[in-house]
Every structure is written in structure tokens, then in C-alpha cells.
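K.L.:
What follows is the file structure33.cif, containing mmCIF, C-alpha atoms:
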data_upload
#
loop_
_atom_site.label_atom_id
_atom_site.label_comp_id
_atom_site.auth_asym_id
_atom_site.auth_seq_id
_atom_site.Cartn_x
_atom_site.Cartn_y
_atom_site.Cartn_z
CA MET A 109 8.78 -52.70 -18.97
CA LEU A 110 6.13 -50.47 -20.59
CA LYS A 111 3.55 -51.62 -18.05
CA SER A 112 5.86 -50.67 -15.18
CA MET A 113 6.47 -47.21 -16.66
CA ILE A 114 2.74 -46.61 -17.06
CA LYS A 115 2.16 -47.65 -13.43
CA ARG A 116 4.88 -45.26 -12.23
CA PHE A 117 3.44 -42.46 -14.35
CA LEU A 118 -0.07 -43.03 -13.00
CA PHE A 119 1.25 -43.11 -9.45
CA ALA A 120 3.03 -39.80 -10.00
CA VAL A 121 -0.15 -38.28 -11.42
CA LEU A 122 -2.11 -39.58 -8.43
CA LEU A 123 0.39 -38.07 -5.97
CA PHE A 124 0.35 -34.72 -7.77
CA THR A 125 -3.47 -34.63 -7.85
CA MET A 126 -3.69 -35.49 -4.17
CA SER A 127 -1.20 -32.79 -3.17
CA ALA A 128 -2.94 -30.19 -5.35
CA GLY A 129 -6.27 -31.14 -3.83
CA LEU A 130 -4.95 -30.86 -0.29
CA GLU A 131 -3.40 -27.46 -0.98
CA SER A 132 -6.56 -26.04 -2.42
CA CYS A 133 -8.54 -26.68 0.74
CA SER A 134 -5.94 -25.89 3.35
CA ASN A 135 -3.92 -22.91 4.53
CA MET A 136 -0.71 -24.48 3.29
CA ARG A 137 2.17 -22.16 2.39
CA TRP A 138 4.67 -22.30 -0.41
CA GLY A 139 7.89 -20.36 -0.51
CA THR A 140 8.58 -19.10 -4.01
CA ASN A 141 11.89 -18.32 -5.66
CA ALA A 142 10.88 -14.67 -5.56
CA GLY A 143 11.11 -14.68 -1.77
CA LEU A 144 7.37 -14.36 -1.45
CA ASP A 145 5.03 -16.84 0.19
CA VAL A 146 1.98 -18.12 -1.61
CA ARG A 147 -0.71 -19.00 0.92
CA PHE A 148 -3.59 -21.19 -0.11
CA GLY A 149 -6.90 -20.52 1.55
CA PRO A 150 -10.61 -20.37 0.83
CA GLY A 151 -10.09 -17.27 -1.34
CA GLY A 152 -7.47 -18.97 -3.52
CA PRO A 153 -3.71 -18.41 -3.63
CA ARG A 154 -2.33 -15.21 -2.23
CA ILE A 155 1.14 -13.69 -2.33
CA VAL A 156 2.51 -12.84 1.10
CA PRO A 157 5.83 -11.03 1.42
CA HIS A 158 8.41 -11.99 4.02
CA PHE A 159 8.48 -9.31 6.69
CA GLU A 160 11.75 -8.78 8.54
CA ILE A 161 10.82 -7.48 11.96
CA ASP A 162 14.47 -6.70 12.72
CA LEU A 163 14.51 -4.25 9.80
CA TYR A 164 11.39 -2.37 10.93
CA SER A 165 11.67 0.86 12.87
CA GLY A 166 8.60 2.61 11.52
CA GLY A 167 5.63 4.53 12.81
CA ARG A 168 4.86 8.10 13.72
CA PHE A 169 6.96 9.55 16.53
CA MET B 285 16.78 -12.26 -10.94
CA LYS B 286 15.28 -10.43 -7.94
CA THR B 287 15.57 -7.09 -9.75
CA THR B 288 13.80 -8.57 -12.74
CA ILE B 289 10.99 -9.81 -10.52
CA LYS B 290 10.62 -6.39 -8.87
CA LYS B 291 10.59 -4.68 -12.25
CA ALA B 292 8.04 -7.15 -13.59
CA THR B 293 5.86 -6.59 -10.53
CA LEU B 294 6.03 -2.82 -10.92
CA TYR B 295 5.30 -3.13 -14.64
CA ALA B 296 2.32 -5.42 -14.02
CA PHE B 297 0.94 -3.21 -11.27
CA SER B 298 1.50 -0.05 -13.30
CA LEU B 299 -0.26 -1.55 -16.28
CA LEU B 300 -3.20 -2.66 -14.17
CA LEU B 301 -3.42 0.58 -12.25
CA GLY B 302 -3.26 2.45 -15.53
CA PHE B 303 -6.07 0.38 -16.99
CA GLY B 304 -8.05 0.71 -13.79
CA LEU B 305 -7.77 4.49 -13.85
CA LEU B 306 -7.98 4.97 -17.60
CA PRO B 307 -11.79 5.24 -17.66
CA ALA B 308 -11.45 8.23 -15.36
CA CYS B 309 -10.00 10.20 -18.29
CA GLN B 310 -13.32 10.10 -20.09
CA SER B 311 -15.46 9.84 -16.97
CA ASN B 312 -18.22 12.09 -15.74
CA ILE B 313 -17.61 10.92 -12.18
CA ASN B 314 -17.55 13.81 -9.77
CA TYR B 315 -14.63 12.88 -7.49
CA PRO B 316 -14.57 14.08 -3.89
CA ALA B 317 -12.20 16.94 -3.17
CA VAL B 318 -8.99 16.10 -1.34
CA ASP B 319 -9.34 18.68 1.43
CA MET B 320 -9.00 17.03 4.82
CA SER B 321 -9.42 20.04 7.06
CA SER B 322 -10.81 23.53 7.04
CA SER B 323 -7.36 25.08 6.77
CA GLU B 324 -6.75 27.17 3.70
CA SER B 325 -3.01 26.66 3.64
CA VAL B 326 -1.64 24.24 1.09
CA GLN B 327 1.34 22.31 2.31
CA GLN B 328 3.63 20.97 -0.37
CA GLY B 329 4.56 17.33 0.12
CA ALA B 330 1.70 16.65 2.55
CA PHE B 331 -0.31 13.46 2.12
CA VAL B 332 -3.94 14.37 1.62
CA TRP B 333 -5.63 11.35 0.04
CA ARG B 334 -5.45 7.55 -0.24
CA ASP B 335 -6.86 5.19 -2.84
CA LEU B 336 -6.96 1.43 -2.49
CA VAL B 337 -6.36 -0.28 -5.82
CA THR B 338 -7.69 -3.81 -5.59
CA ARG B 339 -9.23 -6.56 -7.64
CA ASP B 340 -11.93 -7.11 -5.02
CA PRO B 341 -13.53 -3.84 -3.86
CA ALA B 342 -16.43 -5.71 -2.23
CA ALA B 343 -14.13 -7.73 0.03
CA ALA B 344 -12.17 -4.58 0.84
CA GLN B 345 -15.33 -2.69 1.79
CA GLN B 346 -16.47 -5.46 4.08
CA PHE B 347 -13.09 -5.65 5.78
CA TYR B 348 -12.45 -1.94 6.29
CA GLY B 349 -16.07 -1.37 7.26
CA GLU B 350 -15.80 -3.99 10.02
CA MET B 351 -12.39 -2.78 11.15
CA PHE B 352 -12.77 0.97 11.20
CA GLY B 353 -16.46 1.69 10.79
CA TRP B 354 -15.89 3.24 7.37
CA THR B 355 -18.83 3.62 5.03
CA PHE B 356 -18.74 3.50 1.26
CA GLU B 357 -20.46 5.18 -1.63
CA THR B 358 -19.92 3.86 -5.13
CA ILE B 359 -20.28 6.44 -7.85
CA GLY B 360 -20.09 6.27 -11.63
CA THR B 361 -21.33 3.54 -13.91
CA GLU B 362 -20.74 -0.21 -13.87
CA THR B 363 -17.72 0.14 -16.15
CA GLN B 364 -16.42 3.37 -14.60
CA GLN B 365 -16.71 2.96 -10.87
CA TYR B 366 -15.08 4.78 -8.00
CA THR B 367 -15.92 4.04 -4.39
CA VAL B 368 -15.66 6.90 -1.92
CA ILE B 369 -14.56 5.94 1.60
CA ARG B 370 -16.15 7.95 4.39
CA HIS B 371 -15.44 8.23 8.09
CA ASP B 372 -18.20 9.92 10.08
CA GLY B 373 -19.55 11.18 6.78
CA LYS B 374 -16.29 12.77 5.68
CA ALA B 375 -14.61 11.54 2.49
CA ILE B 376 -11.15 10.22 3.42
CA GLY B 377 -10.20 8.04 0.44
CA GLY B 378 -11.33 5.87 -2.41
CA ILE B 379 -11.31 2.37 -3.84
CA ILE B 380 -10.47 1.64 -7.47
CA ARG B 381 -11.12 -1.74 -9.04
CA MET B 382 -8.23 -3.41 -10.86
CA PRO B 383 -9.22 -5.60 -13.78
CA VAL B 384 -9.30 -9.34 -13.01
CA VAL B 385 -5.99 -10.86 -13.97
CA VAL B 386 -4.21 -14.12 -13.41
CA ASP B 387 -0.84 -12.58 -12.58
CA PRO B 388 -0.41 -13.29 -8.86
CA ALA B 389 2.32 -10.65 -8.62
CA SER B 390 -0.16 -7.82 -9.03
CA THR B 391 -1.39 -7.53 -5.48
CA ALA B 392 -3.57 -4.77 -4.10
CA GLU B 393 -1.97 -1.57 -2.86
CA TRP B 394 -2.87 1.67 -1.13
CA VAL B 395 -1.77 4.59 -3.31
CA SER B 396 -1.09 7.68 -1.21
CA SER B 397 -1.39 11.09 -2.85
CA MET B 398 0.71 14.11 -1.95
CA THR B 399 -0.03 17.69 -2.75
CA VAL B 400 2.28 19.56 -5.11
CA PRO B 401 2.10 23.11 -6.46
CA SER B 402 1.75 21.84 -10.04
CA VAL B 403 0.93 18.25 -10.98
CA LYS B 404 2.14 18.87 -14.50
CA GLY B 405 5.47 20.27 -13.31
CA ALA B 406 5.89 17.47 -10.77
CA ALA B 407 5.23 14.83 -13.43
CA GLU B 408 7.95 16.37 -15.62
CA ILE B 409 10.41 16.22 -12.73
CA ILE B 410 9.51 12.59 -12.09
CA LYS B 411 10.19 11.72 -15.72
CA SER B 412 13.46 13.62 -15.80
CA LYS B 413 14.69 11.84 -12.64
CA GLY B 414 13.97 8.36 -13.99
CA GLY B 415 10.47 7.80 -12.61
CA LYS B 416 7.46 6.72 -14.65
CA ILE B 417 4.04 8.14 -15.38
CA ILE B 418 1.38 5.53 -14.64
CA PHE B 419 -1.76 7.65 -14.90
CA PRO B 420 -1.18 10.75 -17.02
CA VAL B 421 -1.83 14.25 -15.79
CA SER B 422 -5.60 14.74 -15.95
CA ASN B 423 -8.11 17.25 -14.73
CA LEU B 424 -10.62 15.10 -12.82
CA LYS B 425 -14.01 16.60 -12.19
CA GLY B 426 -14.27 17.58 -8.52
CA ARG B 427 -10.64 16.62 -7.81
CA GLY B 428 -8.69 18.86 -10.14
CA MET B 429 -5.29 18.10 -11.61
CA SER B 430 -4.13 14.58 -10.72
CA ALA B 431 -1.59 12.00 -11.79
CA VAL B 432 -0.18 8.70 -10.56
CA VAL B 433 3.55 8.12 -10.96
CA SER B 434 6.29 5.85 -9.73
CA ASP B 435 9.34 7.52 -8.25
CA PRO B 436 12.88 6.62 -9.40
CA GLN B 437 13.06 3.86 -6.77
CA GLY B 438 9.76 2.35 -7.98
CA ALA B 439 7.33 3.52 -5.27
CA ILE B 440 3.93 4.48 -6.66
CA ILE B 441 2.52 7.80 -5.55
CA GLY B 442 -0.42 10.02 -6.46
CA LEU B 443 -0.06 13.72 -7.17
CA VAL B 444 -2.78 16.29 -6.53
CA GLU B 445 -2.97 20.04 -6.13
CA GLY B 446 -4.33 21.45 -2.90
CA GLY B 447 -5.61 19.74 0.19
CA THR B 448 -4.29 19.83 3.72
CA PRO B 449 -3.62 16.94 6.09
CA ASP B 450 -5.19 16.60 9.50
CA ASP B 451 -2.30 16.75 11.98
CA ASP B 452 -4.43 15.35 14.80
CA PRO B 453 -6.64 12.86 12.98
CA PRO B 454 -9.61 11.16 14.64
CA LEU B 455 -9.41 7.47 15.52
CA ASN B 456 -9.74 5.12 12.54
CA THR B 457 -8.39 7.64 10.03
CA TRP B 458 -5.00 8.31 8.48
CA LEU B 459 -2.25 8.94 11.01
CA TRP B 460 0.98 8.73 9.04
CA THR B 461 2.54 7.84 5.72
CA GLU B 462 5.82 6.04 5.32
CA LEU B 463 8.10 5.14 2.44
CA TRP B 464 9.57 1.66 2.59
CA SER B 465 12.40 1.95 0.11
CA GLY B 466 14.90 -0.53 -1.27
CA GLN B 467 17.29 2.42 -1.62
CA PRO B 468 16.51 4.78 1.28
CA THR B 469 19.49 7.07 0.73
CA GLN B 470 18.53 7.66 -2.91
CA SER B 471 14.85 8.06 -1.94
CA ALA B 472 15.76 10.67 0.67
CA GLU B 473 17.76 12.59 -1.90
CA PHE B 474 14.99 12.38 -4.49
CA TYR B 475 12.21 13.66 -2.21
CA ARG B 476 14.48 16.37 -0.81
CA SER B 477 14.71 17.83 -4.29
CA PHE B 478 11.22 16.85 -5.46
CA VAL B 479 9.10 18.56 -2.79
CA ASN B 480 11.77 20.40 -0.79
CA TYR B 481 11.49 18.08 2.15
CA GLU B 482 13.96 18.61 4.91
CA VAL B 483 15.18 15.10 5.59
CA LYS B 484 16.18 14.40 9.18
CA LYS B 485 17.74 11.16 10.32
CA MET B 486 16.50 10.11 13.74
CA ASP B 487 19.18 9.87 16.42
CA ASN B 488 19.89 6.55 18.08
CA MET B 489 17.48 4.61 15.90
CA SER B 490 18.27 1.14 14.68
CA PRO B 491 17.44 0.40 11.93
CA ASP B 492 17.82 3.88 10.44
CA TYR B 493 14.74 6.08 10.19
CA TRP B 494 14.34 9.42 8.44
CA ILE B 495 11.63 12.05 8.83
CA PHE B 496 10.45 14.17 5.91
CA GLU B 497 9.65 17.62 7.23
CA ASN B 498 8.17 20.75 5.77
CA GLY B 499 8.85 23.64 8.11
CA ASP B 500 7.64 22.56 11.53
CA THR B 501 5.41 19.85 10.13
CA LYS B 502 6.41 16.21 9.93
CA SER B 503 4.97 14.97 6.65
CA ALA B 504 6.18 11.38 6.35
CA GLY B 505 8.80 8.81 7.32
CA LEU B 506 11.36 6.71 5.46
CA LEU B 507 13.03 3.42 6.25
CA LYS B 508 14.65 0.55 4.39
CA ASN B 509 11.96 -1.75 3.07
CA PRO B 510 11.46 -4.51 5.67
CA MET B 511 9.49 -6.64 3.19
CA GLU B 512 11.89 -8.85 1.26
CA ASN B 513 11.87 -8.77 -2.52
CA THR B 514 9.03 -6.32 -2.86
CA ARG B 515 9.50 -3.04 -4.61
CA SER B 516 9.59 0.27 -2.76
CA GLN B 517 6.19 1.51 -1.65
CA TRP B 518 4.41 4.14 0.40
CA LEU B 519 2.36 2.70 3.27
CA PRO B 520 -0.51 4.36 5.10
CA TYR B 521 -0.89 4.22 8.88
CA ILE B 522 -4.31 4.24 10.52
CA ARG B 523 -4.77 5.60 14.02
CA VAL B 524 -6.32 3.06 16.41
CA ALA B 525 -6.97 2.82 20.14
CA ASP B 526 -5.98 -0.80 20.73
CA PRO B 527 -3.57 -2.35 18.20
CA ALA B 528 -3.64 -5.81 19.82
CA ALA B 529 -7.43 -6.11 19.83
CA LEU B 530 -7.69 -4.77 16.32
CA THR B 531 -5.00 -7.14 15.07
CA GLN B 532 -7.05 -10.07 16.32
CA LYS B 533 -10.14 -8.59 14.73
CA ALA B 534 -8.26 -8.19 11.45
CA ARG B 535 -7.07 -11.78 11.59
CA ASP B 536 -10.64 -12.98 12.16
CA ALA B 537 -11.79 -10.85 9.23
CA GLY B 538 -9.33 -12.49 6.82
CA ALA B 539 -6.28 -10.25 7.06
CA THR B 540 -2.71 -11.54 7.20
CA VAL B 541 -0.67 -10.33 10.14
CA LEU B 542 2.88 -9.56 9.02
CA ALA B 543 3.87 -8.19 12.44
CA ALA B 544 1.67 -8.43 15.52
CA PRO B 545 1.98 -5.90 18.34
CA SER B 546 4.81 -6.82 20.67
CA SER B 547 7.07 -5.09 23.16
CA GLU B 548 9.93 -5.36 20.63
CA LEU B 549 7.94 -3.56 17.95
CA ARG B 550 7.52 0.07 18.96
CA ASP B 551 6.38 -1.00 22.44
CA GLY B 552 3.27 -2.70 21.15
CA ASN B 553 1.95 0.42 19.47
CA VAL B 554 1.94 -0.84 15.88
CA ALA B 555 0.93 -3.84 13.80
CA VAL B 556 1.66 -4.49 10.12
CA LEU B 557 -1.17 -6.12 8.20
CA LEU B 558 -2.20 -7.23 4.75
CA ASP B 559 -5.89 -6.74 4.10
CA PRO B 560 -7.83 -9.71 2.68
CA THR B 561 -7.20 -8.42 -0.85
CA GLY B 562 -3.43 -8.26 -0.24
CA ALA B 563 -2.82 -4.55 0.38
CA PRO B 564 -0.30 -3.79 3.15
CA PHE B 565 -1.06 -1.13 5.76
CA VAL B 566 -0.13 -0.38 9.37
CA ILE B 567 -2.21 0.39 12.43
CA GLN B 568 -0.74 2.52 15.21
CA ARG B 569 -1.83 3.71 18.63
CA TRP B 570 -1.40 7.44 18.98
CA PRO B 571 -0.19 9.07 21.15
CA LEU B 572 2.35 6.34 21.86
CA GLN B 573 2.08 4.44 25.13
#
Write out the structure in this file as C-alpha cells.
P.N.:
Amino acid sequence: MLKSMIKRFLFAVLLFTMSAGLESCSNMRWGTNAGLDVRFGPGGPRIVPHFEIDLYSGGRF
Amino acid sequence: MKTTIKKATLYAFSLLLGFGLLPACQSNINYPAVDMSSSESVQQGAFVWRDLVTRDPAAAQQFYGEMFGWTFETIGTETQQYTVIRHDGKAIGGIIRMPVVVDPASTAEWVSSMTVPSVKGAAEIIKSKGGKIIFPVSNLKGRGMSAVVSDPQGAIIGLVEGGTPDDDPPLNTWLWTELWSGQPTQSAEFYRSFVNYEVKKMDNMSPDYWIFENGDTKSAGLLKNPMENTRSQWLPYIRVADPAALTQKARDAGATVLAAPSSELRDGNVAVLLDPTGAPFVIQRWPLQ
């Protein structure tokens, strides 16, 4: 029973480490609860806001 | 929850901007004057200066240098630095380093400064209307009276005395300034009373767009913030010849493209970008095609 739990725990740790490693070297995106994207790239994580093109009417006339 | 996040972001940015600017209070740095043209007339509510507040001034210099041919001169000491941005030798803005922090919410931002008759008086109005003082009223050597505040809707803005905008700016310099507000109606009312703007809503525009005018001069624009869950902010526009080509160049140089030029977006005349340090800005072809 204990052995099985340890194996499951180690597997979970392995999966988490692998996903963290992949994120750190890719351009993977995360959507946060704040409605902002976190993009992972060579410069580390970066917050990127969602831009609603339909709401934009800007620029000098 | 979203309001709390916006407030926390403003608080974090304010704190960092305050700390970034604090050394200026005791500094011997001789700041460049804000005058943008040879005109002697001072135009209340006109935008006359821009400062980029970022944690990575070196990356910003490389990016904006490549994009717009700007050159940079860092003045002050290692602990009290201010980088002057020049275009064709003329000072057009500055870069201020934010302290290194782990809070990812405190992204870089361009802080646009408007001219007011009295910085001290304007700061009092801001406080009385529910805004906040981020950088207290100070007499900066070379610059004169200055302050950085956030308006009642949370947009950060610089205040200076004097200076005149260039109505027909050269390529690769400031073309326009725009307020992206979470509460545009309230923002319009605030700036109408703050700097006596005449606020005109554009006809047949969807979404709504307002122009801030002073006499015959169009000083700035206002629209509902198209960036979700970010606080209100003033964005600078840079005049360019070819938005599409420059957008690709920006992407190659590490920028994030929030909106690429397209026929649906002001007929391909604009692009909305985040510089590699996270500061949003817009490029626009002018005159429009």
C-alpha cells in the first residue's frame, strides 16, 4: 500500500518536473485567472494581456 | 476579484515607479527639457514627453534603437540613472529603470507627460478627485516642476510645466497619445475638468471614440480599454512609414504583436505591440492611407 503511494507520488513529481522543463524552453502559453497570458520564452515568463480587436477603434484621425 | 487584481497591479506598479524615481529627488542629474518645438506657446493638456519605465533598460534600448533608429545617452550615476532617448540628436523621451522584482504583474509601461499650468495645483486636483500621487511634486534640475500621478480611473500620467508638442512629427517619433480607460465616460468627465479639454465624440464610430481638444488642436484620444483585465493607461503612438514591415521587424526583435496591421484595423494603418520588456505601444502610418 505504502509502496504504491510512493510510486504514484514519484510519478506525479516526474510529470510535474517534465512539464516545467518543457515550459521553460518553449514558447508555451498559460492563461491565468487574471485574464492575462503568461508566455514562456528565452527571456523567462512574461505577462501578455488579451487584446480585443473588436473593441479597438484607436489611432490619430 | 478582477478589481482586486487591477488595484494590486496599480499598487505594485506605483510602488515600483515611485522607488525608481525616488533617487531623482536627491539627484544631480540634469534632465533634458521637455520642449519639442521652437514654439513659445504653452498648450495646456498637450503631451510633451514620454518615459519608459522598465526593469530592463538595456533590452529596451536595443529594441527601440533597431526599430526607430533612436540613440541613447545614460546620465547620472550607477544608482541614479536616467537614459535620454534621442531622435536625430533631439531628446524625445527617457528610460527609467524599475528595481528588479519577482512580481510578474509589474510590467513595463510608457508614462506620457502632459503640460499643465501648475504641477502643484494639478496634483492637488488629482488628489481631491480620487487620484493618487506616485512621484511627488519635485523641481528636477533641467526639467522643472514635475510629478507622476494616477488619475481617478487608475491611468498613470506625468505632469510637467511648459513644453509644446510637434503637430507634424517626423517619422519614428511621437504621433499621438491615447487613453485606454476601463471607464471612458468618467475619464472624459475627469479630463474635461482637469485640463479644460473639449471632449468630442466621433460620429459613426464603433466602438466609441472621443477626441480631447484644446482650441483647434487635437491633443489626445480616448476609448474603452481593449486589453482585458488591465488597468486604464495612456498609450503612445509612434509615426511610421510601413506598419506591416515594422510589425514583422518588431516580432523578429522580440516584441509581442497584440494586433497586426489588417484591413479591419484602421485600414492597415496601425499595429499594437508589446516591446520585449512588456510595455505596450502603437505604431501608426500618418497620414492615413
K.L.:
Could you tell me which of B:Asn456, B:Ser490, B:Thr514, B:Thr367 comes closest to A:Val156 if we count only C-alpha atoms?
P.N.:
B:Thr514
K.L.:
Determine which residues of chain B sit within 8 Å of chain A, taking into account all atoms listed in the file, and present them as an MDAnalysis selection string.
P.N.:
chainID B and resid 286 289 388:389 391 459:460 462 489:493 505:514 521 542:543 549:550 554 562 568 572
K.L.:
Taking (-20.2, 7.5, 2.7) in the file's coordinates, which residues come within 12 Å, counting all atoms listed in the file, written as a PDB file with C-alpha atoms, keeping the file's coordinate frame?
P.N.:
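Heads up, here's the output in selection01.pdb:
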ATOM      1  CA  PRO B 316     -14.570  14.080  -3.890  1.00  0.00           C
ATOM      2  CA  GLN B 345     -15.330  -2.690   1.790  1.00  0.00           C
ATOM      3  CA  GLY B 349     -16.070  -1.370   7.260  1.00  0.00           C
ATOM      4  CA  GLY B 353     -16.460   1.690  10.790  1.00  0.00           C
ATOM      5  CA  TRP B 354     -15.890   3.240   7.370  1.00  0.00           C
ATOM      6  CA  THR B 355     -18.830   3.620   5.030  1.00  0.00           C
ATOM      7  CA  PHE B 356     -18.740   3.500   1.260  1.00  0.00           C
ATOM      8  CA  GLU B 357     -20.460   5.180  -1.630  1.00  0.00           C
ATOM      9  CA  THR B 358     -19.920   3.860  -5.130  1.00  0.00           C
ATOM     10  CA  ILE B 359     -20.280   6.440  -7.850  1.00  0.00           C
ATOM     11  CA  THR B 367     -15.920   4.040  -4.390  1.00  0.00           C
ATOM     12  CA  VAL B 368     -15.660   6.900  -1.920  1.00  0.00           C
ATOM     13  CA  ILE B 369     -14.560   5.940   1.600  1.00  0.00           C
ATOM     14  CA  ARG B 370     -16.150   7.950   4.390  1.00  0.00           C
ATOM     15  CA  HIS B 371     -15.440   8.230   8.090  1.00  0.00           C
ATOM     16  CA  ASP B 372     -18.200   9.920  10.080  1.00  0.00           C
ATOM     17  CA  GLY B 373     -19.550  11.180   6.780  1.00  0.00           C
ATOM     18  CA  LYS B 374     -16.290  12.770   5.680  1.00  0.00           C
ATOM     19  CA  ALA B 375     -14.610  11.540   2.490  1.00  0.00           C
ATOM     20  CA  ILE B 376     -11.150  10.220   3.420  1.00  0.00           C
ATOM     21  CA  GLY B 377     -10.200   8.040   0.440  1.00  0.00           C
ATOM     22  CA  GLY B 378     -11.330   5.870  -2.410  1.00  0.00           C
TER      23      GLY B 378
END
K.L.:
Any chance you could work out the residue set of the PyMOL selection byres ((chain B and resi 423) around 12) here, as an NGL selection string?
P.N.:
:B and (308-315 or 402-404 or 419-422 or 424-431 or 443-445)
K.L.:
How would the residues just chosen look if you wrote them out with C-alpha atoms as a PDB file, keeping the file's coordinate frame?
P.N.:
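again06.pdb, freshly written:
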ATOM      1  CA  ALA B 308     -11.450   8.230 -15.360  1.00  0.00           C
ATOM      2  CA  CYS B 309     -10.000  10.200 -18.290  1.00  0.00           C
ATOM      3  CA  GLN B 310     -13.320  10.100 -20.090  1.00  0.00           C
ATOM      4  CA  SER B 311     -15.460   9.840 -16.970  1.00  0.00           C
ATOM      5  CA  ASN B 312     -18.220  12.090 -15.740  1.00  0.00           C
ATOM      6  CA  ILE B 313     -17.610  10.920 -12.180  1.00  0.00           C
ATOM      7  CA  ASN B 314     -17.550  13.810  -9.770  1.00  0.00           C
ATOM      8  CA  TYR B 315     -14.630  12.880  -7.490  1.00  0.00           C
ATOM      9  CA  SER B 402       1.750  21.840 -10.040  1.00  0.00           C
ATOM     10  CA  VAL B 403       0.930  18.250 -10.980  1.00  0.00           C
ATOM     11  CA  LYS B 404       2.140  18.870 -14.500  1.00  0.00           C
ATOM     12  CA  PHE B 419      -1.760   7.650 -14.900  1.00  0.00           C
ATOM     13  CA  PRO B 420      -1.180  10.750 -17.020  1.00  0.00           C
ATOM     14  CA  VAL B 421      -1.830  14.250 -15.790  1.00  0.00           C
ATOM     15  CA  SER B 422      -5.600  14.740 -15.950  1.00  0.00           C
ATOM     16  CA  LEU B 424     -10.620  15.100 -12.820  1.00  0.00           C
ATOM     17  CA  LYS B 425     -14.010  16.600 -12.190  1.00  0.00           C
ATOM     18  CA  GLY B 426     -14.270  17.580  -8.520  1.00  0.00           C
ATOM     19  CA  ARG B 427     -10.640  16.620  -7.810  1.00  0.00           C
ATOM     20  CA  GLY B 428      -8.690  18.860 -10.140  1.00  0.00           C
ATOM     21  CA  MET B 429      -5.290  18.100 -11.610  1.00  0.00           C
ATOM     22  CA  SER B 430      -4.130  14.580 -10.720  1.00  0.00           C
ATOM     23  CA  ALA B 431      -1.590  12.000 -11.790  1.00  0.00           C
ATOM     24  CA  LEU B 443      -0.060  13.720  -7.170  1.00  0.00           C
ATOM     25  CA  VAL B 444      -2.780  16.290  -6.530  1.00  0.00           C
ATOM     26  CA  GLU B 445      -2.970  20.040  -6.130  1.00  0.00           C
TER      27      GLU B 445
END
K.L.:
Kindly indicate which residue among B:Ile441, B:Phe478, B:Ser503, B:Gln346 lies nearest to B:Glu408, using all atoms listed in the file for the distances.
P.N.:
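Of B:Ile441, B:Phe478, B:Ser503, B:Gln346, the one nearest B:Glu408 is B:Phe478, counting all atoms listed in the file.
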K.L.:
Just say which residues the PyMOL selection byres ((chain B and resi 469) around 12) picks in this file, as a list in words.
P.N.:
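With the shown file as input, the PyMOL selection byres ((chain B and resi 469) around 12) matches Gln437, Leu463, Trp464, Ser465, Gly466, Gln467, Pro468, Gln470, Ser471, Ala472, Glu473, Phe474, Tyr475, Arg476, Val483, Lys484, Lys485, Asp492, Tyr493, Trp494, Leu506, Leu507, Lys508 and Asn509 of chain B.
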K.L.:
For atom CA of B:Gly414 and atom CA of B:Met382, determine how far apart the two atoms are, in Å to one decimal place.
P.N.:
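Distance between the two atoms: 25.3 Å.
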K.L.:
Any chance you could resolve the PyMOL selection byres ((chain B and resi 553) around 10) against this file and give the residues as a PyMOL selection string?
P.N.:
(chain A and resi 167) or (chain B and resi 524-528+544-552+554-555+567-573)
K.L.:
Identify, on the basis of all atoms listed in the file, every residue whose closest approach to stretch 557-560 of chain B does not exceed 7 Å; exclude the query and any residue fewer than 3 positions from it along the same chain; express the result as a short mmCIF file (atom, residue, chain, number, x, y, z; two decimals) with C-alpha atoms, in the coordinates of the input.
P.N.:
data_model
loop_
_atom_site.label_atom_id
_atom_site.label_comp_id
_atom_site.auth_asym_id
_atom_site.auth_seq_id
_atom_site.Cartn_x
_atom_site.Cartn_y
_atom_site.Cartn_z
CA ALA B 344 -12.17 -4.58 0.84
CA GLY B 538 -9.33 -12.49 6.82
CA ALA B 539 -6.28 -10.25 7.06
CA THR B 540 -2.71 -11.54 7.20
CA VAL B 541 -0.67 -10.33 10.14
CA LEU B 542 2.88 -9.56 9.02
CA ALA B 543 3.87 -8.19 12.44
CA ALA B 563 -2.82 -4.55 0.38
CA PRO B 564 -0.30 -3.79 3.15
CA PHE B 565 -1.06 -1.13 5.76
CA VAL B 566 -0.13 -0.38 9.37
#
K.L.:
When you draw a straight line from atom CA of B:Ser397 to atom CA of B:Asp452, how long is it in Å?
P.N.:
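Atom CA of B:Asp452 lies 18.4 Å from atom CA of B:Ser397.
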K.L.:
Go ahead and compute the interatomic distance for atom CA of B:Val400 and atom CA of B:Gln327, in Å to one decimal.
P.N.:
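Interatomic distance, atom CA of B:Val400 to atom CA of B:Gln327: 8.0 Å.
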